[in-house]
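Asker: Just passing along the structure, written as structure tokens.
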Amino acid sequence: MKEAALEEIRRLAGLYEHRRSALLPALFVAQQEAGYLSPAALESVAEALELPVTEVTSVASFYGLFYLEPVGRHVVHVCTNLSCMLNGCQRVLSRLQEVMGIRPGETTPDGRFSLRTAECLAACEEAPAVLVDEDRWAAVSPEDLETMLDRYR
Ligand code: FES
């Protein structure tokens, strides 16, 4: 991990009474470096926060927005929880699979997109919801998807 990222993690740790409290933001800093959290990145975070690497890995593997393997340049999450299920997320997911030619958990051969399913994206009132990188798309219909994806090159 680059020194600038480690410095940022140490700075974050200094903001809290307990270094452990900086773990989630530290993992985001580490993930921004390579787009995912390699074993080496997890070890660097653990060392910087003086935490066991098993704890850091456990936390990183719990949250769907941390990637423990390489992903595409853009990651598309389709919410499949209750509100989205009742409002047609399966049609959205099926259409995305058709358009991208991949299934959830996979990355397109050109490395442009990874497709994942997600639990709640906190847009239940506008279901079905899709998250592309940090952009949340609400009330998505299968017909919108190609236009939506065209924004991500
Ligand atoms: S259930 Fe899909 S956003 Fe909440």
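Identifiers in this document derive from the order of the structure tokens: chains are assigned A, B, ..., residues are numbered from 1 separately in each chain, and ligands are numbered from 1 in order of occurrence.
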Out of chain A, which residues get strand (DSSP E) from DSSP, as a PyMOL selection string?

Answerer: chain A and resi 74-79+113-118+130-132+135-137

Asker: Show me which residues sit within 12 Å of ligand 1 when counting only C-alpha atoms and all ligand atoms, and put them as a PDB file with N, CA, C and O atoms, in the first residue's frame.

Answerer:
```pdb
ATOM      1  N   HIS A  77     -24.547  -3.199  -8.231  1.00  0.00           N
ATOM      2  CA  HIS A  77     -25.240  -3.985  -7.211  1.00  0.00           C
ATOM      3  C   HIS A  77     -26.743  -3.882  -7.465  1.00  0.00           C
ATOM      4  O   HIS A  77     -27.266  -2.760  -7.569  1.00  0.00           O
ATOM      5  N   VAL A  78     -27.418  -4.997  -7.518  1.00  0.00           N
ATOM      6  CA  VAL A  78     -28.881  -5.003  -7.652  1.00  0.00           C
ATOM      7  C   VAL A  78     -29.459  -5.475  -6.325  1.00  0.00           C
ATOM      8  O   VAL A  78     -29.134  -6.575  -5.858  1.00  0.00           O
ATOM      9  N   CYS A  79     -30.290  -4.638  -5.734  1.00  0.00           N
ATOM     10  CA  CYS A  79     -30.922  -5.020  -4.469  1.00  0.00           C
ATOM     11  C   CYS A  79     -31.953  -6.112  -4.723  1.00  0.00           C
ATOM     12  O   CYS A  79     -32.786  -5.990  -5.625  1.00  0.00           O
ATOM     13  N   THR A  80     -31.880  -7.174  -3.936  1.00  0.00           N
ATOM     14  CA  THR A  80     -32.852  -8.268  -4.077  1.00  0.00           C
ATOM     15  C   THR A  80     -33.643  -8.475  -2.789  1.00  0.00           C
ATOM     16  O   THR A  80     -34.235  -9.529  -2.597  1.00  0.00           O
ATOM     17  N   ASN A  81     -33.648  -7.461  -1.921  1.00  0.00           N
ATOM     18  CA  ASN A  81     -34.397  -7.599  -0.681  1.00  0.00           C
ATOM     19  C   ASN A  81     -35.889  -7.321  -0.926  1.00  0.00           C
ATOM     20  O   ASN A  81     -36.298  -7.050  -2.050  1.00  0.00           O
ATOM     21  N   LEU A  82     -36.673  -7.381   0.135  1.00  0.00           N
ATOM     22  CA  LEU A  82     -38.134  -7.487   0.005  1.00  0.00           C
ATOM     23  C   LEU A  82     -38.788  -6.421  -0.876  1.00  0.00           C
ATOM     24  O   LEU A  82     -39.502  -6.742  -1.825  1.00  0.00           O
ATOM     25  N   SER A  83     -38.557  -5.138  -0.586  1.00  0.00           N
ATOM     26  CA  SER A  83     -39.232  -4.080  -1.356  1.00  0.00           C
ATOM     27  C   SER A  83     -38.862  -4.170  -2.829  1.00  0.00           C
ATOM     28  O   SER A  83     -39.711  -3.989  -3.714  1.00  0.00           O
ATOM     29  N   CYS A  84     -37.603  -4.422  -3.076  1.00  0.00           N
ATOM     30  CA  CYS A  84     -37.149  -4.515  -4.469  1.00  0.00           C
ATOM     31  C   CYS A  84     -37.673  -5.786  -5.127  1.00  0.00           C
ATOM     32  O   CYS A  84     -38.048  -5.773  -6.307  1.00  0.00           O
ATOM     33  N   MET A  85     -37.738  -6.851  -4.356  1.00  0.00           N
ATOM     34  CA  MET A  85     -38.296  -8.104  -4.885  1.00  0.00           C
ATOM     35  C   MET A  85     -39.752  -7.890  -5.303  1.00  0.00           C
ATOM     36  O   MET A  85     -40.172  -8.309  -6.382  1.00  0.00           O
ATOM     37  N   LEU A  86     -40.504  -7.192  -4.453  1.00  0.00           N
ATOM     38  CA  LEU A  86     -41.922  -6.955  -4.753  1.00  0.00           C
ATOM     39  C   LEU A  86     -42.117  -5.979  -5.905  1.00  0.00           C
ATOM     40  O   LEU A  86     -43.194  -5.900  -6.482  1.00  0.00           O
ATOM     41  N   ASN A  87     -41.079  -5.226  -6.235  1.00  0.00           N
ATOM     42  CA  ASN A  87     -41.194  -4.223  -7.297  1.00  0.00           C
ATOM     43  C   ASN A  87     -40.370  -4.572  -8.540  1.00  0.00           C
ATOM     44  O   ASN A  87     -40.029  -3.674  -9.310  1.00  0.00           O
ATOM     45  N   GLY A  88     -40.030  -5.809  -8.702  1.00  0.00           N
ATOM     46  CA  GLY A  88     -39.492  -6.241  -9.988  1.00  0.00           C
ATOM     47  C   GLY A  88     -37.986  -6.326 -10.120  1.00  0.00           C
ATOM     48  O   GLY A  88     -37.461  -6.287 -11.232  1.00  0.00           O
ATOM     49  N   CYS A  89     -37.274  -6.490  -9.016  1.00  0.00           N
ATOM     50  CA  CYS A  89     -35.806  -6.559  -9.138  1.00  0.00           C
ATOM     51  C   CYS A  89     -35.345  -7.760  -9.956  1.00  0.00           C
ATOM     52  O   CYS A  89     -34.287  -7.711 -10.588  1.00  0.00           O
ATOM     53  N   GLN A  90     -36.128  -8.824  -9.974  1.00  0.00           N
ATOM     54  CA  GLN A  90     -35.683  -9.994 -10.741  1.00  0.00           C
ATOM     55  C   GLN A  90     -35.664  -9.696 -12.236  1.00  0.00           C
ATOM     56  O   GLN A  90     -34.784 -10.164 -12.960  1.00  0.00           O
ATOM     57  N   THR A 117     -25.391  -8.973  -6.390  1.00  0.00           N
ATOM     58  CA  THR A 117     -26.671  -8.701  -5.744  1.00  0.00           C
ATOM     59  C   THR A 117     -26.357  -8.092  -4.381  1.00  0.00           C
ATOM     60  O   THR A 117     -25.245  -8.227  -3.871  1.00  0.00           O
ATOM     61  N   ALA A 118     -27.343  -7.392  -3.831  1.00  0.00           N
ATOM     62  CA  ALA A 118     -27.142  -6.724  -2.548  1.00  0.00           C
ATOM     63  C   ALA A 118     -28.392  -6.880  -1.704  1.00  0.00           C
ATOM     64  O   ALA A 118     -29.473  -7.165  -2.229  1.00  0.00           O
ATOM     65  N   GLU A 119     -28.218  -6.683  -0.442  1.00  0.00           N
ATOM     66  CA  GLU A 119     -29.400  -6.620   0.427  1.00  0.00           C
ATOM     67  C   GLU A 119     -29.967  -5.218   0.294  1.00  0.00           C
ATOM     68  O   GLU A 119     -30.012  -4.708  -0.778  1.00  0.00           O
ATOM     69  N   CYS A 120     -30.398  -4.572   1.312  1.00  0.00           N
ATOM     70  CA  CYS A 120     -31.079  -3.291   1.158  1.00  0.00           C
ATOM     71  C   CYS A 120     -30.103  -2.169   0.824  1.00  0.00           C
ATOM     72  O   CYS A 120     -29.060  -2.026   1.453  1.00  0.00           O
ATOM     73  N   LEU A 121     -30.457  -1.366  -0.187  1.00  0.00           N
ATOM     74  CA  LEU A 121     -29.640  -0.213  -0.577  1.00  0.00           C
ATOM     75  C   LEU A 121     -30.218   1.084  -0.034  1.00  0.00           C
ATOM     76  O   LEU A 121     -29.851   2.173  -0.485  1.00  0.00           O
ATOM     77  N   ALA A 122     -31.122   0.977   0.925  1.00  0.00           N
ATOM     78  CA  ALA A 122     -31.728   2.142   1.589  1.00  0.00           C
ATOM     79  C   ALA A 122     -32.498   3.033   0.619  1.00  0.00           C
ATOM     80  O   ALA A 122     -32.500   4.249   0.746  1.00  0.00           O
ATOM     81  N   ALA A 123     -33.152   2.399  -0.346  1.00  0.00           N
ATOM     82  CA  ALA A 123     -34.018   3.139  -1.258  1.00  0.00           C
ATOM     83  C   ALA A 123     -35.329   2.369  -1.417  1.00  0.00           C
ATOM     84  O   ALA A 123     -35.921   2.332  -2.495  1.00  0.00           O
ATOM     85  N   CYS A 124     -35.783   1.770  -0.321  1.00  0.00           N
ATOM     86  CA  CYS A 124     -36.954   0.883  -0.370  1.00  0.00           C
ATOM     87  C   CYS A 124     -38.187   1.598  -0.925  1.00  0.00           C
ATOM     88  O   CYS A 124     -39.002   0.990  -1.615  1.00  0.00           O
ATOM     89  N   GLU A 125     -38.309   2.894  -0.608  1.00  0.00           N
ATOM     90  CA  GLU A 125     -39.488   3.637  -1.058  1.00  0.00           C
ATOM     91  C   GLU A 125     -39.455   3.892  -2.561  1.00  0.00           C
ATOM     92  O   GLU A 125     -40.451   4.318  -3.136  1.00  0.00           O
ATOM     93  N   GLU A 126     -38.321   3.646  -3.186  1.00  0.00           N
ATOM     94  CA  GLU A 126     -38.206   3.842  -4.633  1.00  0.00           C
ATOM     95  C   GLU A 126     -37.683   2.570  -5.303  1.00  0.00           C
ATOM     96  O   GLU A 126     -36.877   2.624  -6.224  1.00  0.00           O
ATOM     97  N   ALA A 127     -38.111   1.451  -4.794  1.00  0.00           N
ATOM     98  CA  ALA A 127     -37.646   0.166  -5.331  1.00  0.00           C
ATOM     99  C   ALA A 127     -38.189  -0.051  -6.753  1.00  0.00           C
ATOM    100  O   ALA A 127     -39.251   0.485  -7.090  1.00  0.00           O
ATOM    101  N   PRO A 128     -37.470  -0.806  -7.562  1.00  0.00           N
ATOM    102  CA  PRO A 128     -36.217  -1.495  -7.280  1.00  0.00           C
ATOM    103  C   PRO A 128     -34.999  -0.572  -7.423  1.00  0.00           C
ATOM    104  O   PRO A 128     -34.990   0.327  -8.253  1.00  0.00           O
ATOM    105  N   ALA A 129     -34.013  -0.841  -6.599  1.00  0.00           N
ATOM    106  CA  ALA A 129     -32.838   0.025  -6.548  1.00  0.00           C
ATOM    107  C   ALA A 129     -31.588  -0.702  -7.062  1.00  0.00           C
ATOM    108  O   ALA A 129     -31.432  -1.904  -6.871  1.00  0.00           O
ATOM    109  N   VAL A 130     -30.743   0.090  -7.698  1.00  0.00           N
ATOM    110  CA  VAL A 130     -29.460  -0.412  -8.217  1.00  0.00           C
ATOM    111  C   VAL A 130     -28.387   0.575  -7.789  1.00  0.00           C
ATOM    112  O   VAL A 130     -28.606   1.794  -7.818  1.00  0.00           O
ATOM    113  N   LEU A 131     -27.247   0.052  -7.389  1.00  0.00           N
ATOM    114  CA  LEU A 131     -26.110   0.900  -7.037  1.00  0.00           C
ATOM    115  C   LEU A 131     -25.003   0.638  -8.058  1.00  0.00           C
ATOM    116  O   LEU A 131     -24.602  -0.509  -8.254  1.00  0.00           O
ATOM    117  N   ARG A 136     -26.593   5.728  -6.606  1.00  0.00           N
ATOM    118  CA  ARG A 136     -27.774   4.913  -6.377  1.00  0.00           C
ATOM    119  C   ARG A 136     -28.844   5.299  -7.393  1.00  0.00           C
ATOM    120  O   ARG A 136     -29.203   6.459  -7.506  1.00  0.00           O
ATOM    121  N   TRP A 137     -29.343   4.304  -8.109  1.00  0.00           N
ATOM    122  CA  TRP A 137     -30.401   4.497  -9.081  1.00  0.00           C
ATOM    123  C   TRP A 137     -31.675   3.907  -8.495  1.00  0.00           C
ATOM    124  O   TRP A 137     -31.680   2.753  -8.081  1.00  0.00           O
ATOM    125  N   ALA A 138     -32.733   4.722  -8.466  1.00  0.00           N
ATOM    126  CA  ALA A 138     -33.982   4.283  -7.848  1.00  0.00           C
ATOM    127  C   ALA A 138     -35.066   4.086  -8.905  1.00  0.00           C
ATOM    128  O   ALA A 138     -34.997   4.641 -10.008  1.00  0.00           O
ATOM    129  N   ALA A 139     -36.071   3.286  -8.538  1.00  0.00           N
ATOM    130  CA  ALA A 139     -37.201   2.994  -9.422  1.00  0.00           C
ATOM    131  C   ALA A 139     -36.725   2.607 -10.814  1.00  0.00           C
ATOM    132  O   ALA A 139     -37.213   3.103 -11.826  1.00  0.00           O
ATOM    133  N   VAL A 140     -35.778   1.712 -10.842  1.00  0.00           N
ATOM    134  CA  VAL A 140     -35.165   1.301 -12.105  1.00  0.00           C
ATOM    135  C   VAL A 140     -36.087   0.329 -12.835  1.00  0.00           C
ATOM    136  O   VAL A 140     -36.700  -0.543 -12.222  1.00  0.00           O
TER     137      VAL A 140
END
```

Asker: Between A:Leu24, A:Ala48, A:Val99, A:Val132, which has the minimum distance to Glu146 (chain A) (counting only C-alpha atoms)?

Answerer: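 Result for the nearest residue to Glu146 (chain A): A:Val99.
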
Asker: Got a sec: who's within 7 Å of region 26-30 of chain A, counting only C-alpha atoms, leaving out chain neighbours fewer than 2 positions off, as a compact mmCIF listing (two decimals) with N, CA, C and O atoms, in the first residue's frame?

Answerer:
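Final output, part-v8.txt:
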```txt
# COMPACT_ATOMS: atom_id res chain seq x y z
N ALA A 5 -1.64 6.40 1.49
CA ALA A 5 -2.82 5.69 2.01
C ALA A 5 -2.59 5.29 3.47
O ALA A 5 -3.49 5.43 4.31
N ILE A 9 -4.73 6.38 6.76
CA ILE A 9 -5.27 5.43 7.74
C ILE A 9 -4.81 5.80 9.15
O ILE A 9 -5.60 5.78 10.09
N ALA A 22 -11.69 3.15 13.52
CA ALA A 22 -11.34 3.65 12.18
C ALA A 22 -11.30 2.53 11.14
O ALA A 22 -10.96 2.78 9.98
N LEU A 23 -11.70 1.34 11.53
CA LEU A 23 -11.52 0.21 10.62
C LEU A 23 -12.30 0.36 9.31
O LEU A 23 -11.74 0.16 8.23
N LEU A 24 -13.58 0.71 9.38
CA LEU A 24 -14.35 0.80 8.13
C LEU A 24 -13.79 1.86 7.19
O LEU A 24 -13.53 1.57 6.02
N GLN A 32 -9.54 1.77 -2.21
CA GLN A 32 -9.38 2.74 -3.30
C GLN A 32 -8.04 2.57 -4.01
O GLN A 32 -7.91 2.92 -5.17
N GLU A 33 -7.07 2.04 -3.33
CA GLU A 33 -5.74 1.86 -3.93
C GLU A 33 -5.76 0.94 -5.14
O GLU A 33 -5.22 1.27 -6.17
N LEU A 37 -9.54 -5.40 -1.88
CA LEU A 37 -8.70 -5.59 -0.70
C LEU A 37 -7.94 -6.90 -0.82
O LEU A 37 -8.50 -7.98 -0.57
N ALA A 41 -3.15 -5.94 1.40
CA ALA A 41 -3.81 -4.70 1.85
C ALA A 41 -4.45 -4.90 3.22
O ALA A 41 -4.38 -4.02 4.09
N VAL A 45 -3.62 -2.77 6.64
CA VAL A 45 -4.62 -2.11 7.47
C VAL A 45 -4.51 -2.60 8.91
O VAL A 45 -4.52 -1.81 9.87
```

Asker: Can you work out which one of A:Ser38, A:Thr107, A:Ser94, A:Ser21 has the shortest atom-to-atom distance to Leu145 (chain A), counting only C-alpha atoms?

Answerer: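 Of the candidates, the smallest distance to Leu145 (chain A) is held by A:Ser94.
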
Asker: Running DSSP on the backbone, which parts of region 15-144 of chain A land in helix (DSSP H, G or I), as an mmCIF file with N, CA and C atoms, in the first residue's frame?

Answerer:
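So the final result, stored in out_34.cif, reads:
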```
data_model
loop_
_atom_site.group_PDB
_atom_site.id
_atom_site.type_symbol
_atom_site.label_atom_id
_atom_site.label_comp_id
_atom_site.auth_asym_id
_atom_site.auth_seq_id
_atom_site.Cartn_x
_atom_site.Cartn_y
_atom_site.Cartn_z
ATOM 1 N N ARG A 19 -8.505 2.863 18.114
ATOM 2 C CA ARG A 19 -8.084 2.714 16.729
ATOM 3 C C ARG A 19 -9.043 1.844 15.932
ATOM 4 N N ARG A 20 -9.621 0.852 16.592
ATOM 5 C CA ARG A 20 -10.558 -0.075 15.940
ATOM 6 C C ARG A 20 -11.716 0.678 15.271
ATOM 7 N N SER A 21 -12.090 1.815 15.849
ATOM 8 C CA SER A 21 -13.220 2.578 15.315
ATOM 9 C C SER A 21 -12.947 3.091 13.904
ATOM 10 N N ALA A 22 -11.686 3.151 13.519
ATOM 11 C CA ALA A 22 -11.338 3.651 12.181
ATOM 12 C C ALA A 22 -11.305 2.534 11.135
ATOM 13 N N LEU A 23 -11.704 1.340 11.533
ATOM 14 C CA LEU A 23 -11.524 0.210 10.619
ATOM 15 C C LEU A 23 -12.304 0.361 9.308
ATOM 16 N N LEU A 24 -13.581 0.713 9.377
ATOM 17 C CA LEU A 24 -14.352 0.798 8.130
ATOM 18 C C LEU A 24 -13.795 1.865 7.189
ATOM 19 N N PRO A 25 -13.571 3.105 7.667
ATOM 20 C CA PRO A 25 -12.982 4.078 6.729
ATOM 21 C C PRO A 25 -11.589 3.667 6.255
ATOM 22 N N ALA A 26 -10.831 3.016 7.109
ATOM 23 C CA ALA A 26 -9.493 2.563 6.697
ATOM 24 C C ALA A 26 -9.599 1.529 5.575
ATOM 25 N N LEU A 27 -10.573 0.656 5.665
ATOM 26 C CA LEU A 27 -10.753 -0.344 4.609
ATOM 27 C C LEU A 27 -11.144 0.329 3.288
ATOM 28 N N PHE A 28 -11.953 1.371 3.362
ATOM 29 C CA PHE A 28 -12.305 2.096 2.121
ATOM 30 C C PHE A 28 -11.068 2.759 1.520
ATOM 31 N N VAL A 29 -10.222 3.330 2.358
ATOM 32 C CA VAL A 29 -8.984 3.937 1.861
ATOM 33 C C VAL A 29 -8.131 2.870 1.167
ATOM 34 N N ALA A 30 -7.998 1.735 1.817
ATOM 35 C CA ALA A 30 -7.178 0.658 1.253
ATOM 36 C C ALA A 30 -7.781 0.142 -0.056
ATOM 37 N N GLN A 31 -9.091 0.042 -0.099
ATOM 38 C CA GLN A 31 -9.743 -0.475 -1.303
ATOM 39 C C GLN A 31 -9.585 0.477 -2.492
ATOM 40 N N GLN A 32 -9.538 1.768 -2.211
ATOM 41 C CA GLN A 32 -9.381 2.737 -3.300
ATOM 42 C C GLN A 32 -8.036 2.570 -4.008
ATOM 43 N N GLU A 33 -7.069 2.037 -3.330
ATOM 44 C CA GLU A 33 -5.742 1.863 -3.929
ATOM 45 C C GLU A 33 -5.762 0.945 -5.138
ATOM 46 N N ALA A 34 -6.338 -0.234 -4.984
ATOM 47 C CA ALA A 34 -6.273 -1.232 -6.056
ATOM 48 C C ALA A 34 -7.650 -1.659 -6.544
ATOM 49 N N PRO A 39 -4.973 -9.688 0.208
ATOM 50 C CA PRO A 39 -4.462 -10.107 1.518
ATOM 51 C C PRO A 39 -3.388 -9.150 2.031
ATOM 52 N N ALA A 40 -2.543 -8.648 1.144
ATOM 53 C CA ALA A 40 -1.497 -7.712 1.575
ATOM 54 C C ALA A 40 -2.102 -6.406 2.078
ATOM 55 N N ALA A 41 -3.154 -5.936 1.403
ATOM 56 C CA ALA A 41 -3.810 -4.700 1.848
ATOM 57 C C ALA A 41 -4.453 -4.897 3.219
ATOM 58 N N LEU A 42 -5.071 -6.054 3.419
ATOM 59 C CA LEU A 42 -5.693 -6.341 4.719
ATOM 60 C C LEU A 42 -4.627 -6.371 5.819
ATOM 61 N N GLU A 43 -3.482 -6.945 5.495
ATOM 62 C CA GLU A 43 -2.390 -6.977 6.479
ATOM 63 C C GLU A 43 -1.895 -5.569 6.797
ATOM 64 N N SER A 44 -1.802 -4.724 5.758
ATOM 65 C CA SER A 44 -1.343 -3.348 5.992
ATOM 66 C C SER A 44 -2.319 -2.583 6.881
ATOM 67 N N VAL A 45 -3.615 -2.769 6.637
ATOM 68 C CA VAL A 45 -4.624 -2.106 7.473
ATOM 69 C C VAL A 45 -4.507 -2.603 8.909
ATOM 70 N N ALA A 46 -4.368 -3.911 9.057
ATOM 71 C CA ALA A 46 -4.255 -4.489 10.401
ATOM 72 C C ALA A 46 -3.047 -3.916 11.136
ATOM 73 N N GLU A 47 -1.937 -3.837 10.410
ATOM 74 C CA GLU A 47 -0.714 -3.322 11.028
ATOM 75 C C GLU A 47 -0.889 -1.852 11.410
ATOM 76 N N ALA A 48 -1.461 -1.066 10.506
ATOM 77 C CA ALA A 48 -1.621 0.371 10.769
ATOM 78 C C ALA A 48 -2.545 0.627 11.960
ATOM 79 N N LEU A 49 -3.545 -0.228 12.123
ATOM 80 C CA LEU A 49 -4.510 -0.025 13.222
ATOM 81 C C LEU A 49 -4.187 -0.878 14.446
ATOM 82 N N VAL A 53 -5.075 -9.404 11.957
ATOM 83 C CA VAL A 53 -5.501 -9.452 10.555
ATOM 84 C C VAL A 53 -6.781 -10.268 10.414
ATOM 85 N N THR A 54 -6.997 -11.227 11.308
ATOM 86 C CA THR A 54 -8.240 -12.017 11.248
ATOM 87 C C THR A 54 -9.456 -11.127 11.513
ATOM 88 N N GLU A 55 -9.308 -10.171 12.416
ATOM 89 C CA GLU A 55 -10.422 -9.262 12.700
ATOM 90 C C GLU A 55 -10.684 -8.357 11.500
ATOM 91 N N VAL A 56 -9.618 -7.834 10.920
ATOM 92 C CA VAL A 56 -9.759 -6.956 9.752
ATOM 93 C C VAL A 56 -10.408 -7.725 8.600
ATOM 94 N N THR A 57 -9.980 -8.946 8.384
ATOM 95 C CA THR A 57 -10.530 -9.768 7.303
ATOM 96 C C THR A 57 -11.996 -10.105 7.573
ATOM 97 N N SER A 58 -12.314 -10.388 8.818
ATOM 98 C CA SER A 58 -13.708 -10.713 9.169
ATOM 99 C C SER A 58 -14.631 -9.547 8.867
ATOM 100 N N VAL A 59 -14.202 -8.361 9.243
ATOM 101 C CA VAL A 59 -15.036 -7.174 8.990
ATOM 102 C C VAL A 59 -15.158 -6.941 7.488
ATOM 103 N N ALA A 60 -14.043 -7.007 6.780
ATOM 104 C CA ALA A 60 -14.062 -6.752 5.331
ATOM 105 C C ALA A 60 -14.951 -7.761 4.610
ATOM 106 N N SER A 61 -14.952 -8.994 5.077
ATOM 107 C CA SER A 61 -15.743 -10.017 4.384
ATOM 108 C C SER A 61 -17.227 -9.937 4.737
ATOM 109 N N PHE A 62 -17.560 -9.214 5.800
ATOM 110 C CA PHE A 62 -18.967 -9.101 6.214
ATOM 111 C C PHE A 62 -19.737 -8.127 5.322
ATOM 112 N N LEU A 82 -36.673 -7.381 0.135
ATOM 113 C CA LEU A 82 -38.134 -7.487 0.005
ATOM 114 C C LEU A 82 -38.788 -6.421 -0.876
ATOM 115 N N SER A 83 -38.557 -5.138 -0.586
ATOM 116 C CA SER A 83 -39.232 -4.080 -1.356
ATOM 117 C C SER A 83 -38.862 -4.170 -2.829
ATOM 118 N N CYS A 84 -37.603 -4.422 -3.076
ATOM 119 C CA CYS A 84 -37.149 -4.515 -4.469
ATOM 120 C C CYS A 84 -37.673 -5.786 -5.127
ATOM 121 N N MET A 85 -37.738 -6.851 -4.356
ATOM 122 C CA MET A 85 -38.296 -8.104 -4.885
ATOM 123 C C MET A 85 -39.752 -7.890 -5.303
ATOM 124 N N LEU A 86 -40.504 -7.192 -4.453
ATOM 125 C CA LEU A 86 -41.922 -6.955 -4.753
ATOM 126 C C LEU A 86 -42.117 -5.979 -5.905
ATOM 127 N N CYS A 89 -37.274 -6.490 -9.016
ATOM 128 C CA CYS A 89 -35.806 -6.559 -9.138
ATOM 129 C C CYS A 89 -35.345 -7.760 -9.956
ATOM 130 N N GLN A 90 -36.128 -8.824 -9.974
ATOM 131 C CA GLN A 90 -35.683 -9.994 -10.741
ATOM 132 C C GLN A 90 -35.664 -9.696 -12.236
ATOM 133 N N ARG A 91 -36.621 -8.885 -12.701
ATOM 134 C CA ARG A 91 -36.615 -8.495 -14.130
ATOM 135 C C ARG A 91 -35.407 -7.614 -14.414
ATOM 136 N N VAL A 92 -35.096 -6.717 -13.456
ATOM 137 C CA VAL A 92 -33.919 -5.843 -13.612
ATOM 138 C C VAL A 92 -32.647 -6.694 -13.649
ATOM 139 N N LEU A 93 -32.545 -7.620 -12.722
ATOM 140 C CA LEU A 93 -31.348 -8.460 -12.657
ATOM 141 C C LEU A 93 -31.213 -9.327 -13.915
ATOM 142 N N SER A 94 -32.331 -9.893 -14.354
ATOM 143 C CA SER A 94 -32.292 -10.727 -15.572
ATOM 144 C C SER A 94 -31.847 -9.916 -16.776
ATOM 145 N N ARG A 95 -32.375 -8.708 -16.899
ATOM 146 C CA ARG A 95 -32.000 -7.864 -18.053
ATOM 147 C C ARG A 95 -30.519 -7.482 -17.973
ATOM 148 N N LEU A 96 -30.047 -7.156 -16.769
ATOM 149 C CA LEU A 96 -28.621 -6.823 -16.621
ATOM 150 C C LEU A 96 -27.745 -8.019 -17.005
ATOM 151 N N GLN A 97 -28.160 -9.185 -16.611
ATOM 152 C CA GLN A 97 -27.390 -10.383 -16.968
ATOM 153 C C GLN A 97 -27.342 -10.560 -18.480
ATOM 154 N N GLU A 98 -28.484 -10.288 -19.136
ATOM 155 C CA GLU A 98 -28.519 -10.394 -20.605
ATOM 156 C C GLU A 98 -27.598 -9.375 -21.253
ATOM 157 N N VAL A 99 -27.720 -8.114 -20.809
ATOM 158 C CA VAL A 99 -26.953 -7.019 -21.418
ATOM 159 C C VAL A 99 -25.456 -7.203 -21.170
ATOM 160 N N MET A 100 -25.098 -7.595 -19.965
ATOM 161 C CA MET A 100 -23.678 -7.723 -19.620
ATOM 162 C C MET A 100 -23.095 -9.068 -20.022
ATOM 163 N N CYS A 124 -35.783 1.770 -0.321
ATOM 164 C CA CYS A 124 -36.954 0.883 -0.370
ATOM 165 C C CYS A 124 -38.187 1.598 -0.925
ATOM 166 N N GLU A 125 -38.309 2.894 -0.608
ATOM 167 C CA GLU A 125 -39.488 3.637 -1.058
ATOM 168 C C GLU A 125 -39.455 3.892 -2.561
ATOM 169 N N GLU A 126 -38.321 3.646 -3.186
ATOM 170 C CA GLU A 126 -38.206 3.842 -4.633
ATOM 171 C C GLU A 126 -37.683 2.570 -5.303
ATOM 172 N N PRO A 142 -36.276 -2.341 -16.346
ATOM 173 C CA PRO A 142 -35.366 -3.033 -17.267
ATOM 174 C C PRO A 142 -35.063 -2.202 -18.508
ATOM 175 N N GLU A 143 -36.024 -1.373 -18.922
ATOM 176 C CA GLU A 143 -35.831 -0.555 -20.118
ATOM 177 C C GLU A 143 -34.797 0.557 -19.905
ATOM 178 N N ASP A 144 -34.543 0.927 -18.652
ATOM 179 C CA ASP A 144 -33.594 2.022 -18.352
ATOM 180 C C ASP A 144 -32.136 1.563 -18.371
#
```
